[in-house]
Structure formats: C-alpha cells, structure tokens
Amino acid sequence: MPMPWEQVREVPVLYHVTGAITFVNEVPWVIEPVYMAQWGTMWIMMRREKRDRKHFKRMRFPPFDDEEPPLDYGDNLLDVEPLEAIQMDLDEDEDAPVLDWLYDSKPLVEDGEDAAGENAVGRRINGSTYRKWRLDLPAMANLHRLARQLLSDMVDPNYFYLFDLNSFITAKCLNMAIPSGPRFEPMHRDINPADEDWNEFNDINKIIIRQPIRTEYKVAFPHLYNSLPRKIRVSPYHTPAVQYVRPEDPDLPAFYFDPVINPISMRSLVSQFKDDARSVEDEVFGDSDEDSDFVLPQGASAFLQESPLETNNTANGIGLYWAPHPFDMRSGTTRRAMDVPLVKDWYMEHCPPGMPVKVRVSYQKLLKNYVLNAIHTTKPSAQRKKYLFRQFKATKFFQSTEIDWVEAGLQVCRQGHNMLNLLIHRKRLNYLHLDYNFNLKPIKTLTTKERKKSRFGNAFHLCIAAGTPVSLGCGLALPIERIGQADVLQCVAPLPGTGTKAVGISGRASTAAFQVHRLPQDCVRITCIDGTTLVATPSHPVLAILRQPGAAISVGDAEFIPAGDLTPAHSVVCSMLHSIVDDPLADKGSRYRICGLILAAHRRQVFALVRLLGALVSGGIVRGSSLHLYFFHGLDVQQAQDDIELLTGGHGCLTLLGKERGFELVLPDELYKAVMHLGSTDCGRYSLSRQGLGSVSEAPYSVQREFIAAWWGAGFVQETCANMATLDCLANASGSRTSGLANSGRQDAIDNLRESTELVKYILAQGFGIESEIFEKHIKVSKRSTALSVGLCLSNDHSLLVFSKKVGVRYAFSISRRFDILHRWHGHKKMAKSGLLSQAC
C-alpha cells in the first residue's frame, strides 16, 4: 500500500500465466531515520486531517457485499483520479537538507545511481539495491527534528529502574507484578510453599515480621528477599547521572546555563573550622597575596583562542549524541518498513497519571507481549536462504510486470476466494458456502458429523504438538519443532500406482518450512493401546482403519481421516519403525572433529560420515581406486544415498547390479579420500586404521551409536551378526613367496578385525550397558576357499531390548528385516514366538 505521503504506487508483481495467483515481488526497504521523520510529519498532518477530513474517510467493514465479487479494476477504477497525497509544507531554509527528497517513494535512490563507485564521496545510498545509507550531520539533525513527535524525551536511563526488560522477566520468574507493569502467568508452576528456605513457622527464633515486604524490594534484590529464585535477571542499581538538558528553543547557543539547574556558588561559603572568616578558596589555595607578583608574559594567549567556541552544527551534534536509535548513527543498513518500531518507546515508559483504565490496560498488554516475545526469542540458526520467487520466475509458468497496488489487491482477493472454494469442494463440503467477505456459512442445518467435518480451523492449520518425535530417513527421530528444511522424513502412506493401499515407506519428502506457534483451536489427544499418544489439531489427517464387527482388519482399507473424526472403532496405523530419538543439544559444546568436520557445527554431516564408515567396515570392498558398498535385499539403499549426497552436495552414485546382487554405491573421489584417510585395505576389504579406531573410540556416545547401528545394520551373513570380512581373495595364492605374503596379509587383516570387534564390544558395554560376546566362524564359500566372519552376538534378552531402545539399526528398511537382524544376533529362533518382538519394536 502507498504511504500517506504518496499519491500512487506501482508494485512489481509475479503472476501465473493462467491468473491463478499473484505475488507482490518487492521488499519495502526503508532508511530508518528518514522513515521515522516521514511518519513524524504525518503525525502532525493526520491530526489536522482528523479535524478537517479532506483526504480520508472511515472505511466500512465488511468492505464487500456478501454476494458481490470484487470490483473489476479496468472497468471501475482505471480512470479514477487518486486523491492528493498528504505532505507537510517544509521550510526552504530550515529544511533545506531534506527538502528535495523527503517524500520520494525511495528517497535518495537517484543519488546512489548517479554517483560512481560504491564508496564515492558524497554518495548517500549504495545504489539501486537500496541496502546501505550514509547521511551527513545537517540532514540527520533535520530528520531528528521532524521525528520529534514520535521520539521519547527520556535520556536518563535511571528513569527505567525496575521498569526494564530484566526487571519484568525477574517479576515473571518470581510470580509478581511490578506496580503499573504487566501481569504474567507464573513462569514456574512447581513452586511448593513448604520448600521455602524460611517462613514464620520454621524460624528457630520465632521472629514474626508483620509488615509485608514490598514487591519492588523483591524484584530489586531477588536473592535477598525471595526463596528459590530461578532464571532471574538482575538489573543495574543505577547509572551515572545525566547532565544533558535538551533545549526547547532552537535559537539558544550550544553552551548555555539552563535555569533548570540550580546554581551553587562556592564563593559564598566561609570556613567553619577557623575563627577568621576566610573564603574556602583561600584555605585550598593558600594566602591570597602569595602569587600576587606573578604576571603573564607579554604576548601569551589561551589555547584555541582563534577557534570559535561553536559552529552552526555544534548544537545539532550534541543533540544527535543524546538522540535515541537510529538518530545516533551516521550510516547503517536499510530495514523492512514493517520492522521499524515507530511507537515502541511509548509503552516502554510509565503510563502517564490520570489516564483512563482502558489506556492503562493497553499499556500493560503491550508490555506483556513485549516481554513474552523477548523470552521466547531464540538465536536464529544459520540456514541456507532460499528465494522461492526467483525459482518461480525462472519457469515458463510465471511472468513479471508492474501494476497499481489496488489492482494487485483486487486480484489477490479474487484468487484467495477461488482457492478456498477449491479447498471446500475438494473436501466435499457442498453444504458450506464461502461469501466474498470470506465468511464460511452453512446452507442447511448440519448434523454432528457434518459439523466436525467442516472444521477448517484458523487459517486452515494442520498442526502436531511440539515434542512429537518424527522419524528421519537416517533412522533417527527428532522432535517436530527441531526439524529443518534439509531433513529427510520417513513417510507412511498408501503405495502409489496400486489399487489397494498398503503401509510402508513409500518415499521420502523434504520438509517444508516448519513453524512453531500456539494453536488457536482445541487439540485432540489420541492414545493407542501401547500407551503412545499423539496430540494434533482436529483437522490433521491420520491414517486409520475402521474395524467392522466380525470382519478381519485389512491394510488395504486404510485411509486418511481427520483426527477429530476418529472413534474407538478405528485402528490407527503406525509406521512400526522404531527410531532412536536424538537430542541435537546434547553435543552442543563438544569439540570432537573428524575429517575436518566439527560435531557442534556439522552434526548431520558427522553422523552421515560415521554411518558410512560403519557400513564400509561391515561390507565395503576395494576395487581399483574406488570403494564399493553393497546393499542386498532388505537393506535400505536410500539411506546410504542420502548420507552420500549430504556429504558431497548431491554427487552420490547409485548403480543397479541385478536382482541377485542388489545395489552398489560407488563413493565419489572427495569422499573416497576422506574415508581412506581413516581406513586401510586388507585382503580387498575395508577396515579401520589405527587413526580411524582412535577417532571412533574418542567420539561422544551419539557418534559411536551411529557407527555401531550402521555397522550392525549393513552386515549380511546368514547366521552371524555382521560380515566383518570375507578373506577368500588370497586363499588360492600359489608359490612359496606369494603364499607367504598372502598369509602375512591375511593374519594382519584378521588381527585388525579382532581389534575392531573388541572396540565395538567395549563401546557397547561402557557407553550403553549392553553385554555382548565375540565369535568367529569359518564359512565355506567354494570348494577351494573359505571365508572368515568375525562379529558379536548379544548375551541375553535384556541386552536385546536395551540395544533396540538406545542404539537401533541403520540402513535396514523394514521392521521384519530389522527384527531378523536382531534375531540372528541373539542366536535362537524362539524370540519370534515370545513377547520380545513387540517390546523390541
């Protein structure tokens, strides 16, 4: 929308060629001091406009008739002359520094385009991008004077003692309210009066204080007057007194004695300690006639005698030195117009006395929202910025142009109405009518089921409660509020391209932007038979099966049902994939580093690298100058592919070798060098070197967990836990010298395998409390060669349950495959008939 000082505004838009949707492709960058000065003049002019009513009329709500579509811009508004803009008449002398550009649509943008070079002398804006500004002192002083209507008069920070952010947060933590300050819900609800350090009933001296302690004392000295203070913030007691007095008259000199300051004359004081009434100056400096003979030499003059005491800019400079932000700066970066706080300083001060109750309540509500926003604000994480409009513009389906802002607004109103109508018809809510004021009305008396089905909620939100774990493609799980845009999710959905519906992983989808906010509607809590719960909005779809009396449950009957429509007759379908819930903050302060990756800064990349290391140690083969990683039936190829793409930026190589051999992942050169730096090749198989073993042994438990889980999940030997090596490549060596070298290399490989297995056993015991046993087994591969497999098996049923809850399995696709691996690890068949299957899953 145009500002009050603009008559018209043309906006750049990005529109779909079919007219389905229109985006305003512009960010309203503004120079902050200029923007505040513009609104400062508007404050004065709008008060006159409120009195005279020449430019504005009160808008009628709702703006449209219920059944009348938005006006057509070409037929009704194209030839209408817009009203004159509101602008203050500036003085040609006093406002000369800003007279020519103050009310421009983008002030000083021509000045930046005309100057040569980004740092050209006299250039006040960086150019057409409009991102940096630099103004001289006369212009800043003029803008500061024009914005005085919006700025605070308080320059002494002592005014805000016990009325600042730290004091408000302390009051909330102590469950108190500062007089004339905001009132909050208690920060800590687990406070028990019986846990107090002292009260009148447990005092040994039975001293009872009848006079209550004032709230201000408790907030100012929380550790002295409160029991169990938590998460408090202590404010400074005072700051040095400010001696600056803002002049009311602009014609006064820069240095003058303000009558507000009471004069104190030292010459009128007399001595109180001696009989003679000598002046204090004589007592301090001695007798008056001591230096009477001293005479200044001829020609002596004071320093800077020829320099003027003040210039035309001295008073302005002193005023800007004590001015609030942003007028205390000479240069800066532009901000979005909606991010500039125009009147925030107003409610940060005490409410003026004598105001009505509604004004005082407004002050308290604004302060309350300000404090809550400050408490819930978190430091933004470094993310790769994505420009959606640039991607749209690069396609053939979107075009760009410039149109009037009214035309763009009317298009958005019409397109929004069409979209919501399509959504209503898609949900088959034919008994609901959406009018042109966006009111949803029923056309008949609705039944209970129809009312539940027609719950759109505010802004059509589909939400899940914070803290709900979401399974990732790597086998871990994160709380939903910590899901990032780069994370890959596991999905449970009907299989595409089939007539029946089945449950399983049908694919992975990158997450859209996740937003954490408070829900504006009631939620539904779904409790399953095993005790797990899911909290979601009533409109959130849940995959479920409706049980018919006497009929068997068929997975093909599963369909997505709104959570609010579930009944006890429904069976909610879950993924049956047990994921280990990961805590991203667990290793925040860790300094662990591997291959140049720091765990605290590159957590996902470190996990992907150690998972690949575990899979390579379990089944990696060296062929020529490349490492090959085989995945047979039942193992998840996509997990390894995702890890390689995460480490290399999307350059992983996947090759289908055939139905019998499964898939082969060939590592790129950069990843191959990093992996080979930590490992070695023994008898054609990949194994960790001394440096690699040290990196795994010194790693935090979360890194060791990923290594062991991938090592175990990628191993595929029919009767053993993991195929640590198949040392058959040198079994048929001939000749004495060749045979001796082969036997030596074979023994080194066996020793390396045993060291690796001992390390895994030690990590399981020390880090996770899991008991295991090492075993070795010879497997006859052919008539002339035998392979050796070295691995671990879990010692008891308790170790199996702990392993499934704390470590889990990576690179295993289905729950049956995961349980098959756990089953073979344990070493006996009777587990499938016992209750351990449901407990382990």
# chains A, B, ... in the order shown; residues from 1 in each chain; ligands from 1

$ residues_around --residues "Ser105 in chain A" --least-positions-apart "6" --cutoff "10 Å" --atoms "only C-alpha atoms" --output "list in words"
Pro2, Met3, Trp5, Glu6, Gln7, Val8, Arg9 and Val30 of chain A

$ residues_around --residues "Tyr73 in chain A" --least-positions-apart "4" --cutoff "12 Å" --atoms "only C-alpha atoms" --output "VMD selection string"
chain A and resid 69 77 to 80 403 to 411 414

$ write_last_selection --atoms "N, CA and C atoms" --output "PDB file, in the first residue's frame"
ATOM      1  N   PRO A  69     -18.926  -9.848  -6.135  1.00  0.00           N
ATOM      2  CA  PRO A  69     -17.492 -10.100  -6.301  1.00  0.00           C
ATOM      3  C   PRO A  69     -16.703  -8.797  -6.275  1.00  0.00           C
ATOM      4  N   LEU A  77     -12.058   1.418 -11.818  1.00  0.00           N
ATOM      5  CA  LEU A  77     -11.064   2.214 -11.101  1.00  0.00           C
ATOM      6  C   LEU A  77      -9.954   2.768 -11.974  1.00  0.00           C
ATOM      7  N   LEU A  78      -9.839   2.312 -13.198  1.00  0.00           N
ATOM      8  CA  LEU A  78      -8.699   2.713 -14.021  1.00  0.00           C
ATOM      9  C   LEU A  78      -8.709   4.209 -14.308  1.00  0.00           C
ATOM     10  N   ASP A  79      -9.888   4.789 -14.523  1.00  0.00           N
ATOM     11  CA  ASP A  79      -9.981   6.210 -14.890  1.00  0.00           C
ATOM     12  C   ASP A  79     -10.213   7.116 -13.693  1.00  0.00           C
ATOM     13  N   VAL A  80     -10.241   6.579 -12.479  1.00  0.00           N
ATOM     14  CA  VAL A  80     -10.493   7.394 -11.291  1.00  0.00           C
ATOM     15  C   VAL A  80      -9.187   8.062 -10.870  1.00  0.00           C
ATOM     16  N   ILE A 403       2.122  -3.232 -11.770  1.00  0.00           N
ATOM     17  CA  ILE A 403       0.721  -2.806 -11.814  1.00  0.00           C
ATOM     18  C   ILE A 403       0.440  -1.938 -10.602  1.00  0.00           C
ATOM     19  N   ASP A 404      -0.712  -1.293 -10.609  1.00  0.00           N
ATOM     20  CA  ASP A 404      -1.115  -0.466  -9.481  1.00  0.00           C
ATOM     21  C   ASP A 404      -1.429  -1.343  -8.279  1.00  0.00           C
ATOM     22  N   TRP A 405      -1.192  -0.810  -7.089  1.00  0.00           N
ATOM     23  CA  TRP A 405      -1.370  -1.617  -5.876  1.00  0.00           C
ATOM     24  C   TRP A 405      -2.831  -2.009  -5.673  1.00  0.00           C
ATOM     25  N   VAL A 406      -3.773  -1.180  -6.118  1.00  0.00           N
ATOM     26  CA  VAL A 406      -5.196  -1.522  -5.971  1.00  0.00           C
ATOM     27  C   VAL A 406      -5.535  -2.721  -6.855  1.00  0.00           C
ATOM     28  N   GLU A 407      -5.002  -2.733  -8.073  1.00  0.00           N
ATOM     29  CA  GLU A 407      -5.263  -3.851  -8.974  1.00  0.00           C
ATOM     30  C   GLU A 407      -4.691  -5.147  -8.406  1.00  0.00           C
ATOM     31  N   ALA A 408      -3.478  -5.086  -7.827  1.00  0.00           N
ATOM     32  CA  ALA A 408      -2.896  -6.286  -7.216  1.00  0.00           C
ATOM     33  C   ALA A 408      -3.739  -6.762  -6.037  1.00  0.00           C
ATOM     34  N   GLY A 409      -4.220  -5.835  -5.209  1.00  0.00           N
ATOM     35  CA  GLY A 409      -5.047  -6.230  -4.068  1.00  0.00           C
ATOM     36  C   GLY A 409      -6.350  -6.875  -4.493  1.00  0.00           C
ATOM     37  N   LEU A 410      -6.994  -6.334  -5.528  1.00  0.00           N
ATOM     38  CA  LEU A 410      -8.245  -6.940  -6.007  1.00  0.00           C
ATOM     39  C   LEU A 410      -8.001  -8.322  -6.598  1.00  0.00           C
ATOM     40  N   GLN A 411      -6.866  -8.493  -7.272  1.00  0.00           N
ATOM     41  CA  GLN A 411      -6.548  -9.825  -7.806  1.00  0.00           C
ATOM     42  C   GLN A 411      -6.351 -10.838  -6.683  1.00  0.00           C
ATOM     43  N   ARG A 414      -9.725 -11.910  -5.192  1.00  0.00           N
ATOM     44  CA  ARG A 414     -10.454 -12.844  -6.050  1.00  0.00           C
ATOM     45  C   ARG A 414      -9.772 -14.207  -6.072  1.00  0.00           C
TER      46      ARG A 414
END

$ residues_around --residues "Lys806 in chain A" --least-positions-apart "2" --cutoff "9 Å" --atoms "only C-alpha atoms" --output "list in words"
Ile580, Val581, Arg705, Phe768, Leu801, Val802, Phe803, Ser804 and Gly808 of chain A

$ residues_around --residues "range 366-373 of chain A" --least-positions-apart "5" --cutoff "9 Å" --atoms "only C-alpha atoms" --output "list in words"
Leu165, Phe168, Ile169, Gly181, Pro182, Arg183, Phe184, Tyr347, Met348 and Val361 of chain A

$ write_last_selection --atoms "N, CA and C atoms" --output "mmCIF file, in the first residue's frame"
data_model
loop_
_atom_site.group_PDB
_atom_site.id
_atom_site.type_symbol
_atom_site.label_atom_id
_atom_site.label_comp_id
_atom_site.auth_asym_id
_atom_site.auth_seq_id
_atom_site.Cartn_x
_atom_site.Cartn_y
_atom_site.Cartn_z
ATOM 1 N N LEU A 165 13.375 -4.533 30.805
ATOM 2 C CA LEU A 165 13.121 -5.925 30.432
ATOM 3 C C LEU A 165 13.594 -6.892 31.502
ATOM 4 N N PHE A 168 11.151 -6.953 34.383
ATOM 5 C CA PHE A 168 9.893 -7.626 34.042
ATOM 6 C C PHE A 168 10.071 -9.143 34.033
ATOM 7 N N ILE A 169 11.188 -9.626 33.478
ATOM 8 C CA ILE A 169 11.431 -11.071 33.453
ATOM 9 C C ILE A 169 11.639 -11.596 34.874
ATOM 10 N N GLY A 181 3.086 -2.255 35.968
ATOM 11 C CA GLY A 181 3.741 -3.112 34.989
ATOM 12 C C GLY A 181 2.830 -4.251 34.559
ATOM 13 N N PRO A 182 3.288 -5.095 33.656
ATOM 14 C CA PRO A 182 2.466 -6.198 33.153
ATOM 15 C C PRO A 182 2.302 -7.309 34.187
ATOM 16 N N ARG A 183 1.237 -8.069 34.024
ATOM 17 C CA ARG A 183 0.963 -9.232 34.877
ATOM 18 C C ARG A 183 1.065 -10.480 34.017
ATOM 19 N N PHE A 184 1.740 -11.497 34.561
ATOM 20 C CA PHE A 184 2.020 -12.699 33.788
ATOM 21 C C PHE A 184 1.450 -13.924 34.483
ATOM 22 N N TYR A 347 5.079 2.792 25.027
ATOM 23 C CA TYR A 347 4.589 1.907 26.085
ATOM 24 C C TYR A 347 5.725 1.339 26.928
ATOM 25 N N MET A 348 6.981 1.641 26.575
ATOM 26 C CA MET A 348 8.088 1.236 27.420
ATOM 27 C C MET A 348 8.275 2.166 28.613
ATOM 28 N N VAL A 361 -4.691 -0.436 30.738
ATOM 29 C CA VAL A 361 -4.747 -1.843 30.344
ATOM 30 C C VAL A 361 -3.997 -2.053 29.027
#

$ residues_around --residues "Val219 in chain A" --least-positions-apart "5" --cutoff "10 Å" --atoms "only C-alpha atoms" --output "compact mmCIF listing (two decimals) with N, CA and C atoms, in the first residue's frame"
# COMPACT_ATOMS: atom_id res chain seq x y z
N LEU A 162 13.81 -0.60 37.57
CA LEU A 162 12.70 -1.52 37.89
C LEU A 162 11.55 -1.41 36.90
N ASN A 166 14.79 -6.68 32.05
CA ASN A 166 15.29 -7.59 33.07
C ASN A 166 14.39 -7.61 34.30
N SER A 167 13.89 -6.45 34.71
CA SER A 167 13.00 -6.40 35.88
C SER A 167 11.69 -7.10 35.60
N PHE A 168 11.15 -6.95 34.38
CA PHE A 168 9.89 -7.63 34.04
C PHE A 168 10.07 -9.14 34.03
N ILE A 169 11.19 -9.63 33.48
CA ILE A 169 11.43 -11.07 33.45
C ILE A 169 11.64 -11.60 34.87
N THR A 170 12.33 -10.83 35.71
CA THR A 170 12.51 -11.24 37.10
C THR A 170 11.17 -11.31 37.81
N ALA A 171 10.29 -10.32 37.58
CA ALA A 171 8.97 -10.34 38.20
C ALA A 171 8.17 -11.56 37.74
N LYS A 172 8.28 -11.93 36.46
CA LYS A 172 7.56 -13.11 35.97
C LYS A 172 8.11 -14.37 36.62
N CYS A 173 9.44 -14.46 36.76
CA CYS A 173 10.02 -15.65 37.40
C CYS A 173 9.63 -15.75 38.86
N LEU A 174 9.43 -14.61 39.53
CA LEU A 174 9.04 -14.61 40.94
C LEU A 174 7.52 -14.62 41.13
N MET A 176 5.31 -12.27 40.36
CA MET A 176 4.91 -10.98 40.94
C MET A 176 4.56 -10.02 39.82
N ALA A 177 4.03 -8.87 40.19
CA ALA A 177 3.69 -7.83 39.23
C ALA A 177 4.22 -6.51 39.75
N ILE A 178 5.08 -5.87 38.95
CA ILE A 178 5.58 -4.55 39.30
C ILE A 178 4.44 -3.55 39.20
N ARG A 214 7.82 -5.15 50.28
CA ARG A 214 7.30 -4.56 49.05
C ARG A 214 7.79 -5.34 47.82
N LEU A 224 17.91 -11.76 48.04
CA LEU A 224 17.82 -11.40 49.45
C LEU A 224 16.42 -11.60 50.00
N TYR A 225 15.42 -11.28 49.24
CA TYR A 225 14.06 -11.26 49.76
C TYR A 225 13.18 -12.40 49.24
N ASN A 226 13.74 -13.37 48.49
CA ASN A 226 12.93 -14.44 47.92
C ASN A 226 13.56 -15.78 48.23
N ILE A 232 16.32 -15.60 37.07
CA ILE A 232 16.10 -14.17 37.23
C ILE A 232 17.22 -13.41 36.54
N ARG A 233 16.98 -12.13 36.30
CA ARG A 233 17.96 -11.25 35.68
C ARG A 233 18.07 -9.98 36.52
N VAL A 234 19.23 -9.75 37.07
CA VAL A 234 19.45 -8.62 37.96
C VAL A 234 19.82 -7.40 37.11
N SER A 235 19.13 -6.29 37.34
CA SER A 235 19.38 -5.06 36.59
C SER A 235 20.39 -4.20 37.34

$ residues_around --residues "Gly467 in chain A" --least-positions-apart "5" --cutoff "12 Å" --atoms "only C-alpha atoms" --output "PyMOL selection string"
chain A and resi 477-483+516+533-536+581-583

$ atom_distance --atom1 "CA of Gly679 in chain A" --atom2 "CA of Gln691 in chain A"
7.7 Å

$ select_by_dssp --residues "range 156-186 of chain A" --states "helix (DSSP H, G or I)" --output "PyMOL selection string"
chain A and resi 157-160+165-173

$ atom_distance --atom1 "CA of Gly317 in chain A" --atom2 "CA of Val343 in chain A"
24.1 Å

$ residues_around --residues "range 442-453 of chain A" --least-positions-apart "5" --cutoff "7 Å" --atoms "only C-alpha atoms" --output "VMD selection string"
chain A and resid 431 to 433 564 to 565

$ write_last_selection --atoms "C-alpha atoms" --output "mmCIF file, in the first residue's frame"
data_model
loop_
_atom_site.group_PDB
_atom_site.id
_atom_site.type_symbol
_atom_site.label_atom_id
_atom_site.label_comp_id
_atom_site.auth_asym_id
_atom_site.auth_seq_id
_atom_site.Cartn_x
_atom_site.Cartn_y
_atom_site.Cartn_z
ATOM 1 C CA TYR A 431 -23.185 -27.768 2.354
ATOM 2 C CA LEU A 432 -20.815 -24.840 3.105
ATOM 3 C CA HIS A 433 -20.845 -21.507 1.281
ATOM 4 C CA GLY A 564 -11.391 -35.124 15.194
ATOM 5 C CA ASP A 565 -13.440 -37.827 13.415
#

$ atom_distance --atom1 "CA of Gln243 in chain A" --atom2 "CA of Asn316 in chain A"
16.9 Å
